[in-house]
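S.K.: Contents of upload-v7.csv (CSV, C-alpha atoms and all ligand atoms):
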chain,number,residue,atom,x,y,z
V,6,MET,CA,107.8,-18.2,-61.8
V,7,ASN,CA,108.8,-16.1,-58.8
V,8,SER,CA,108.9,-16.4,-55.1
V,9,TYR,CA,107.7,-13.5,-52.9
V,10,PHE,CA,108.9,-13.3,-49.3
V,11,ILE,CA,106.5,-11.3,-47.2
V,12,THR,CA,108.3,-10.0,-44.2
V,13,GLY,CA,107.3,-7.2,-41.8
V,14,ILE,CA,108.9,-4.6,-39.5
V,15,SER,CA,107.5,-6.6,-36.6
V,16,THR,CA,104.7,-9.0,-35.7
V,17,ASP,CA,101.1,-8.1,-36.1
V,18,VAL,CA,101.7,-5.5,-38.8
V,19,GLY,CA,99.5,-7.2,-41.4
V,20,LYS,CA,101.8,-9.7,-43.2
V,21,THR,CA,99.0,-12.3,-43.4
V,22,LEU,CA,96.6,-9.8,-45.0
V,23,VAL,CA,99.3,-8.7,-47.4
V,24,ALA,CA,100.2,-12.3,-48.1
V,25,ALA,CA,96.5,-13.0,-48.9
V,26,ALA,CA,96.3,-10.1,-51.3
V,27,VAL,CA,99.6,-11.0,-53.1
V,28,THR,CA,98.5,-14.6,-53.3
V,29,GLN,CA,95.1,-13.5,-54.7
V,30,ALA,CA,96.7,-11.0,-57.1
V,31,LEU,CA,99.0,-13.6,-58.6
V,32,LYS,CA,96.9,-16.7,-58.0
V,33,ALA,CA,100.1,-17.9,-56.3
V,34,ASP,CA,100.7,-20.7,-53.9
V,35,TYR,CA,101.0,-19.8,-50.2
V,36,TRP,CA,103.5,-21.2,-47.6
V,37,LYS,CA,104.2,-20.2,-44.1
V,38,PRO,CA,107.2,-22.3,-43.1
V,39,ILE,CA,107.1,-21.6,-39.4
V,40,GLN,CA,103.9,-20.9,-37.5
V,41,SER,CA,103.9,-20.3,-33.7
V,42,GLY,CA,100.6,-20.3,-32.1
V,43,GLY,CA,97.4,-20.4,-34.1
V,44,ILE,CA,96.4,-24.0,-33.7
V,45,GLU,CA,92.8,-22.8,-33.8
V,46,HIS,CA,93.3,-20.3,-36.5
V,47,SER,CA,96.7,-20.3,-38.3
V,48,ASP,CA,97.9,-17.8,-40.9
V,49,ARG,CA,97.3,-20.4,-43.6
V,50,MET,CA,93.7,-20.7,-42.5
V,51,GLU,CA,93.3,-17.0,-42.5
V,52,VAL,CA,94.7,-16.8,-46.1
V,53,GLN,CA,92.4,-19.6,-47.1
V,54,ARG,CA,89.5,-17.6,-45.7
V,55,LEU,CA,90.5,-14.5,-47.5
V,56,ILE,CA,91.3,-15.6,-51.0
V,57,SER,CA,88.9,-16.6,-53.8
V,58,ASN,CA,90.8,-18.1,-56.7
V,59,ASN,CA,90.9,-21.8,-57.4
V,60,ASP,CA,94.6,-22.0,-58.4
V,61,THR,CA,96.3,-21.4,-55.1
V,62,VAL,CA,97.8,-24.4,-53.4
V,63,PHE,CA,98.5,-24.2,-49.7
V,64,HIS,CA,101.7,-25.8,-48.6
V,65,LYS,CA,102.0,-27.3,-45.1
V,66,GLU,CA,104.1,-25.5,-42.5
V,67,ARG,CA,107.4,-27.2,-41.7
V,68,TYR,CA,107.2,-26.2,-38.1
V,69,PHE,CA,103.8,-25.7,-36.4
V,70,LEU,CA,104.5,-24.7,-32.8
V,71,GLU,CA,102.0,-24.6,-30.1
V,72,THR,CA,102.9,-21.4,-28.3
V,73,PRO,CA,102.4,-17.9,-29.7
V,74,MET,CA,105.9,-16.7,-29.0
V,75,SER,CA,109.2,-16.3,-30.9
V,76,PRO,CA,109.8,-19.5,-32.8
V,77,HIS,CA,113.0,-20.3,-31.0
V,78,GLU,CA,111.2,-20.3,-27.6
V,79,ALA,CA,108.0,-21.8,-28.9
V,80,ALA,CA,110.1,-24.7,-30.3
V,81,ALA,CA,111.9,-25.1,-27.0
V,82,ILE,CA,108.6,-25.3,-25.2
V,83,ASP,CA,107.5,-28.0,-27.6
V,84,GLY,CA,110.8,-29.8,-26.9
V,85,ILE,CA,112.3,-29.4,-30.4
V,86,THR,CA,115.0,-27.3,-32.1
V,87,ILE,CA,114.3,-25.7,-35.5
V,88,GLU,CA,116.9,-26.8,-38.0
V,89,LEU,CA,117.4,-24.6,-41.1
V,90,GLU,CA,118.2,-27.6,-43.3
V,91,GLU,CA,114.8,-29.1,-42.5
V,92,ILE,CA,113.0,-26.2,-44.1
V,93,LYS,CA,112.8,-27.1,-47.8
V,94,ARG,CA,110.9,-25.0,-50.3
V,95,PRO,CA,107.8,-26.7,-51.6
V,96,GLN,CA,108.0,-27.8,-55.2
V,97,THR,CA,105.7,-25.8,-57.5
V,98,GLU,CA,105.5,-24.5,-61.0
V,99,ASN,CA,103.4,-21.6,-59.7
V,100,ASN,CA,104.5,-18.3,-58.1
V,101,LEU,CA,105.0,-18.9,-54.4
V,102,VAL,CA,104.2,-16.4,-51.6
V,103,ILE,CA,106.2,-17.2,-48.4
V,104,GLU,CA,105.2,-15.5,-45.1
V,105,GLY,CA,107.8,-15.1,-42.4
V,106,ALA,CA,107.0,-14.9,-38.7
V,107,GLY,CA,107.4,-11.5,-36.9
V,108,GLY,CA,110.3,-9.4,-38.3
V,109,LEU,CA,113.6,-10.3,-40.0
V,110,LEU,CA,115.7,-10.9,-36.9
V,111,VAL,CA,113.2,-13.1,-35.1
V,112,PRO,CA,115.2,-16.1,-33.8
V,113,LEU,CA,114.6,-19.6,-35.1
V,114,ASN,CA,117.2,-21.2,-32.8
V,115,ASP,CA,120.4,-20.0,-31.2
V,116,LYS,CA,122.1,-19.1,-34.5
V,117,HIS,CA,119.5,-18.4,-37.2
V,118,THR,CA,116.8,-15.9,-37.7
V,119,ILE,CA,113.9,-15.4,-40.2
V,120,ILE,CA,116.2,-13.6,-42.6
V,121,ASP,CA,118.1,-16.9,-43.1
V,122,LEU,CA,115.0,-18.2,-44.9
V,123,ILE,CA,115.3,-15.7,-47.6
V,124,GLN,CA,117.0,-16.7,-50.9
V,125,PRO,CA,118.7,-14.2,-53.2
V,126,THR,CA,116.2,-14.7,-55.9
V,127,ASP,CA,113.2,-13.9,-53.6
V,128,LYS,CA,111.4,-10.7,-54.2
V,129,VAL,CA,111.2,-9.4,-50.6
V,130,ILE,CA,108.1,-7.4,-49.7
V,131,LEU,CA,108.3,-5.5,-46.5
V,132,VAL,CA,105.1,-4.7,-44.6
V,133,SER,CA,105.3,-1.5,-42.6
V,134,SER,CA,102.8,-0.3,-40.1
V,135,GLY,CA,101.7,3.1,-38.7
V,136,TYR,CA,102.8,3.1,-35.1
V,137,LEU,CA,105.2,5.8,-33.8
V,138,GLY,CA,108.6,4.2,-34.1
V,139,SER,CA,107.7,2.4,-37.4
V,140,ILE,CA,110.1,4.7,-39.4
V,141,ASN,CA,113.0,3.4,-37.4
V,142,HIS,CA,111.9,-0.2,-37.7
V,143,THR,CA,111.3,0.2,-41.4
V,144,LEU,CA,114.8,1.7,-42.0
V,145,LEU,CA,116.4,-1.0,-39.8
V,146,SER,CA,114.7,-3.7,-41.8
V,147,ILE,CA,116.0,-2.4,-45.0
V,148,GLU,CA,119.5,-2.0,-43.6
V,149,VAL,CA,119.6,-5.6,-42.3
V,150,LEU,CA,118.5,-6.8,-45.7
V,151,LYS,CA,121.4,-4.8,-47.3
V,152,SER,CA,123.9,-6.2,-44.8
V,153,ARG,CA,123.1,-9.7,-46.1
V,154,GLY,CA,123.3,-8.7,-49.7
V,155,LEU,CA,119.5,-8.7,-50.1
V,156,SER,CA,117.3,-6.0,-51.2
V,157,CYS,CA,113.8,-4.9,-50.5
V,158,ALA,CA,111.7,-5.0,-53.7
V,159,GLY,CA,108.9,-2.9,-52.3
V,160,ILE,CA,107.1,-1.7,-49.2
V,161,ILE,CA,103.4,-2.1,-48.4
V,162,TYR,CA,102.3,0.5,-45.8
V,163,ASN,CA,99.5,-0.7,-43.6
V,164,GLN,CA,97.5,1.9,-41.8
V,165,VAL,CA,100.2,4.5,-41.9
V,166,GLU,CA,98.6,7.8,-41.2
V,167,LEU,CA,101.3,10.0,-39.7
V,168,SER,CA,102.3,12.7,-42.2
V,169,GLY,CA,105.7,12.5,-43.7
V,170,THR,CA,106.3,8.9,-42.9
V,171,ILE,CA,106.1,7.3,-46.3
V,172,GLU,CA,107.8,10.3,-47.9
V,173,VAL,CA,110.9,10.2,-45.7
V,174,ILE,CA,111.3,6.4,-46.1
V,175,GLU,CA,111.0,6.7,-49.9
V,176,LYS,CA,113.6,9.5,-50.0
V,177,MET,CA,116.1,7.8,-47.7
V,178,THR,CA,115.9,4.3,-49.2
V,179,GLY,CA,114.6,4.6,-52.7
V,180,VAL,CA,112.5,1.5,-52.1
V,181,PRO,CA,109.2,1.7,-54.1
V,182,THR,CA,105.9,1.8,-52.4
V,183,ILE,CA,103.6,-1.0,-53.7
V,184,ALA,CA,100.5,0.0,-51.8
V,185,HIS,CA,99.1,1.9,-48.9
V,186,LEU,CA,96.4,0.1,-47.1
V,187,SER,CA,93.8,1.7,-44.8
V,188,TYR,CA,92.0,0.1,-41.9
V,189,ILE,CA,89.3,-2.2,-43.2
V,190,ASP,CA,86.3,-2.7,-41.0
V,191,SER,CA,85.5,-6.3,-42.0
V,192,LEU,CA,88.3,-8.1,-43.7
V,193,ASN,CA,86.8,-10.6,-46.2
V,194,VAL,CA,87.1,-12.0,-49.7
V,195,ASP,CA,85.8,-8.9,-51.3
V,196,SER,CA,88.2,-6.6,-49.5
V,197,VAL,CA,91.1,-8.8,-50.5
V,198,VAL,CA,90.0,-8.8,-54.2
V,199,VAL,CA,90.0,-5.0,-54.1
V,200,ILE,CA,93.5,-4.8,-52.5
V,201,ALA,CA,94.8,-7.5,-54.9
V,202,GLY,CA,93.5,-5.5,-57.9
V,203,MET,CA,95.2,-2.3,-56.5
V,204,MET,CA,98.6,-3.9,-56.3
V,205,ARG,CA,98.7,-6.4,-59.2
V,206,GLU,CA,100.4,-4.2,-61.7
V,207,LYS,CA,103.1,-3.1,-59.2
V,208,LEU,CA,103.7,-6.7,-58.2
V,209,LEU,CA,104.1,-7.8,-61.8
V,210,ALA,CA,106.7,-5.0,-62.3
V,211,LEU,CA,108.9,-6.0,-59.3
D,301,LIG,N1,94.3,-3.0,-42.8
D,301,LIG,C1,93.8,-3.7,-41.9
D,301,LIG,N2,92.5,-3.4,-41.5
D,301,LIG,C2,91.9,-4.1,-40.5
D,301,LIG,N3,92.5,-5.1,-39.8
D,301,LIG,C3,93.8,-5.4,-40.1
D,301,LIG,C4,94.5,-4.7,-41.1
D,301,LIG,N4,95.8,-5.2,-41.2
D,301,LIG,C5,95.9,-6.1,-40.3
D,301,LIG,N5,94.7,-6.2,-39.6
D,301,LIG,C6,94.4,-7.2,-38.5
D,301,LIG,O1,95.5,-7.0,-37.5
D,301,LIG,C7,95.8,-8.3,-37.0
D,301,LIG,C8,97.3,-8.6,-37.2
D,301,LIG,O2,97.6,-8.7,-38.6
D,301,LIG,P1,98.3,-10.0,-39.2
D,301,LIG,O3,97.8,-11.2,-38.6
D,301,LIG,O4,98.2,-9.9,-40.7
D,301,LIG,O5,99.8,-9.7,-38.7
D,301,LIG,P2,101.1,-10.5,-39.1
D,301,LIG,O6,102.1,-9.5,-39.4
D,301,LIG,O7,100.8,-11.5,-40.1
D,301,LIG,O8,101.6,-11.2,-37.7
D,301,LIG,P3,102.5,-12.6,-37.5
D,301,LIG,O9,103.9,-12.1,-37.2
D,301,LIG,O10,101.8,-13.2,-36.4
D,301,LIG,O11,102.4,-13.4,-38.8
D,301,LIG,C9,94.9,-9.3,-37.6
D,301,LIG,O12,93.8,-9.5,-36.8
D,301,LIG,C10,94.5,-8.6,-38.9
D,301,LIG,O13,93.3,-9.1,-39.4
D,302,LIG,C1,103.3,-15.3,-32.1
D,302,LIG,C2,103.4,-14.2,-33.2
D,302,LIG,N1,102.1,-14.0,-33.8
D,302,LIG,C3,104.4,-14.5,-34.3
D,302,LIG,N2,104.1,-15.7,-34.9
D,302,LIG,C4,105.9,-14.6,-33.7
D,302,LIG,C5,106.4,-13.3,-33.3
D,302,LIG,C6,107.7,-13.3,-32.7
D,302,LIG,C7,108.3,-12.0,-32.3
D,302,LIG,C8,109.5,-12.1,-31.5
D,302,LIG,C9,110.2,-10.8,-31.2
D,302,LIG,O1,110.5,-10.0,-32.1
D,302,LIG,O2,110.3,-10.4,-30.0
D,303,MG,MG,100.9,-13.5,-40.1
Is it possible to give me this structure as structure tokens?
Ligand SMILES: Nc1ncnc2c1ncn2[C@@H]1O[C@H](COP(=O)(O)OP(=O)(O)OP(=O)(O)O)[C@@H](O)[C@H]1O
Ligand SMILES: C[C@H](N)[C@H](N)CCCCCC(=O)O
Ligand SMILES: [Mg+2]

M.R.:
Amino acid sequence: MNSYFITGISTDVGKTLVAAAVTQALKADYWKPIQSGGIEHSDRMEVQRLISNNDTVFHKERYFLETPMSPHEAAAIDGITIELEEIKRPQTENNLVIEGAGGLLVPLNDKHTIIDLIQPTDKVILVSSGYLGSINHTLLSIEVLKSRGLSCAGIIYNQVELSGTIEVIEKMTGVPTIAHLSYIDSLNVDSVVVIAGMMREKLLAL
């Protein structure tokens, strides 16, 4: 069984939607180790809303912070410090989808960032988005993975409409495209089933 680490070029790029689709495609378990903000509607709740298989187990966040900010600061506001050693992978026999928070260098404390949660055996899926500036953020994310001896298994482009964007990233990095998602008017179980079906073969080949 595999672990899939869903990271993004920034926050709000669609990691949770992608995590839901990968979870659905593989009937995997889902875990978001650190959630900041979202007491009313966390990423776990959103994935629960979007998937429709009966096998997925939802593992509890290790840190659930009240303020929707960078985890290091959200933790400080809650009067705690995030400790890397406290973040233990849930035990499961199933595939596990892990969702980060924000991008790879989002601080957890004064020393560690999200990238420190990635293990060498994880299949890292990078979610890229279509804003002007996203090429740079995508290439930077791939470079920082490389600098830690990690590689990017594949990229999911979410609402990337600017011409030449995907092509130049593919040419410069050689990282395969897993899927290219469009804007979806009402995100629901049915749309996630479709996206999951679209990417399943590519995910199995990673
Ligand atoms: N393809 C899409 N079509 C329509 N809405 C989308 C699409 N992708 C993302 N969204 C919406 O954009 C918002 C941000 O996406 P999402 O919550 O998945 O970001 P994230 O990368 O998981 O952020 P975080 O760092 O907080 O985990 C959400 O409201 C989500 O439903
Ligand atoms: C609150 C938000 N939705 C995420 N959970 C955390 C994003 C942190 C981004 C920090 C940064 O890169 O400046
Ligand atoms: Mg999310």

S.K.: Work out how far CA of Asn59 (chain V) is from CA of Leu101 (chain V), in Å to one decimal.

M.R.: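 Distance between the two atoms: 14.7 Å.
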
S.K.: Pick out the residues no farther than 9 Å from ligand LIG 302 (chain D), counting all atoms listed in the file, and list them as a VMD selection string.

M.R.: chain V and resid 15 to 17 39 to 43 48 72 to 77 79 105 to 112

S.K.: Using only C-alpha atoms and all ligand atoms, which of the listed residues (V:Val132, V:Ala184, V:Asp83, V:Asp127) sits closest to ligand MG 303 (chain D)?

M.R.: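 Nearest to ligand MG 303 (chain D): V:Val132.
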
S.K.: Can you pull out every residue within 6 Å of region 158-164 of chain V, counting only C-alpha atoms, but drop anything in the same chain fewer than 4 positions away, and send it as a list in words?

M.R.: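 Here the qualifying residues turn out to be Lys128, Val129, Ile130, Leu131, Val132, Ser133, Ser134, Gly135, Val180, Pro181, Thr182, Ile183, Ala184, His185, Leu186, Ser187 and Tyr188 of chain V.
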
S.K.: Name the closest residue to Gln29 (chain V) among the candidates V:Glu98, V:Asp60, V:Glu104, V:Asp115; distances are taken between atoms, counting all atoms listed in the file.

M.R.: V:Asp60

S.K.: Let me make sure I understand: among V:Val102, V:Glu51, V:Asp195, V:Glu66, which one has the smallest atom-to-atom distance to Ala24 (chain V) if we use all atoms listed in the file?

M.R.: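 That would be V:Val102, the residue with the smallest distance to Ala24 (chain V).
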
S.K.: Taking all atoms of ligand LIG 301 (chain D) that the file lists and extending 3 Å past them on each side, where is the centre of the axis-aligned box and how long are its edges? Answer in Å to one decimal, as JSON.

M.R.:
{"center_x": 97.9, "center_y": -8.2, "center_z": -39.6, "size_x": 18.0, "size_y": 16.4, "size_z": 12.4}

S.K.: Write out as a JSON list (two decimals) with C-alpha atoms, in the coordinates of the input each polymer residue whose atoms come within 7 Å of His64 (chain V), counting all atoms listed in the file; drop sequence neighbours fewer than 6 positions from it.

M.R.:
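As written to disk, result32.json reads:
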[["chain", "number", "residue", "atom", "x", "y", "z"],
["V", 35, "TYR", "CA", 101.00, -19.80, -50.20],
["V", 36, "TRP", "CA", 103.50, -21.20, -47.60],
["V", 95, "PRO", "CA", 107.80, -26.70, -51.60]]

S.K.: Compare V:Ser196, V:Thr21, V:Asn114, V:Gln96 by their minimum atom-to-atom distance to ligand LIG 301 (chain D), counting all atoms listed in the file, and give me the closest one.

M.R.: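 The closest residue to ligand LIG 301 (chain D) is V:Thr21.
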
S.K.: Give as a PyMOL selection string each residue that has an atom at most 10 Å from (117.8, -2.1, -43.1) in the file, counting all atoms listed in the file.

M.R.: chain V and resi 14+109+141-153+155-157+178

S.K.: Could you check which of V:Thr170, V:Asn193, V:Ser139, V:Gln53 is closest to Val18 (chain V), using all atoms listed in the file?

M.R.: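 Using all atoms listed in the file, the shortest distance to Val18 (chain V) belongs to V:Ser139.
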
S.K.: Please tell me which residues are no farther than 9 Å from (95.8, -15.3, -44.0) in the file, counting only C-alpha atoms, and write them as an MDAnalysis selection string.

M.R.: chainID V and resid 20:26 47:56

S.K.: With only C-alpha atoms and all ligand atoms as the atoms that count, which of V:Ala80, V:Ile92, V:Leu208, V:Ile200 lies nearest to ligand LIG 301 (chain D)?

M.R.: V:Ile200

S.K.: To one decimal place, how far is CA of Lys37 (chain V) from CA of Tyr68 (chain V) in Å?

M.R.: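 Between CA of Lys37 (chain V) and CA of Tyr68 (chain V) the gap works out to 9.0 Å.
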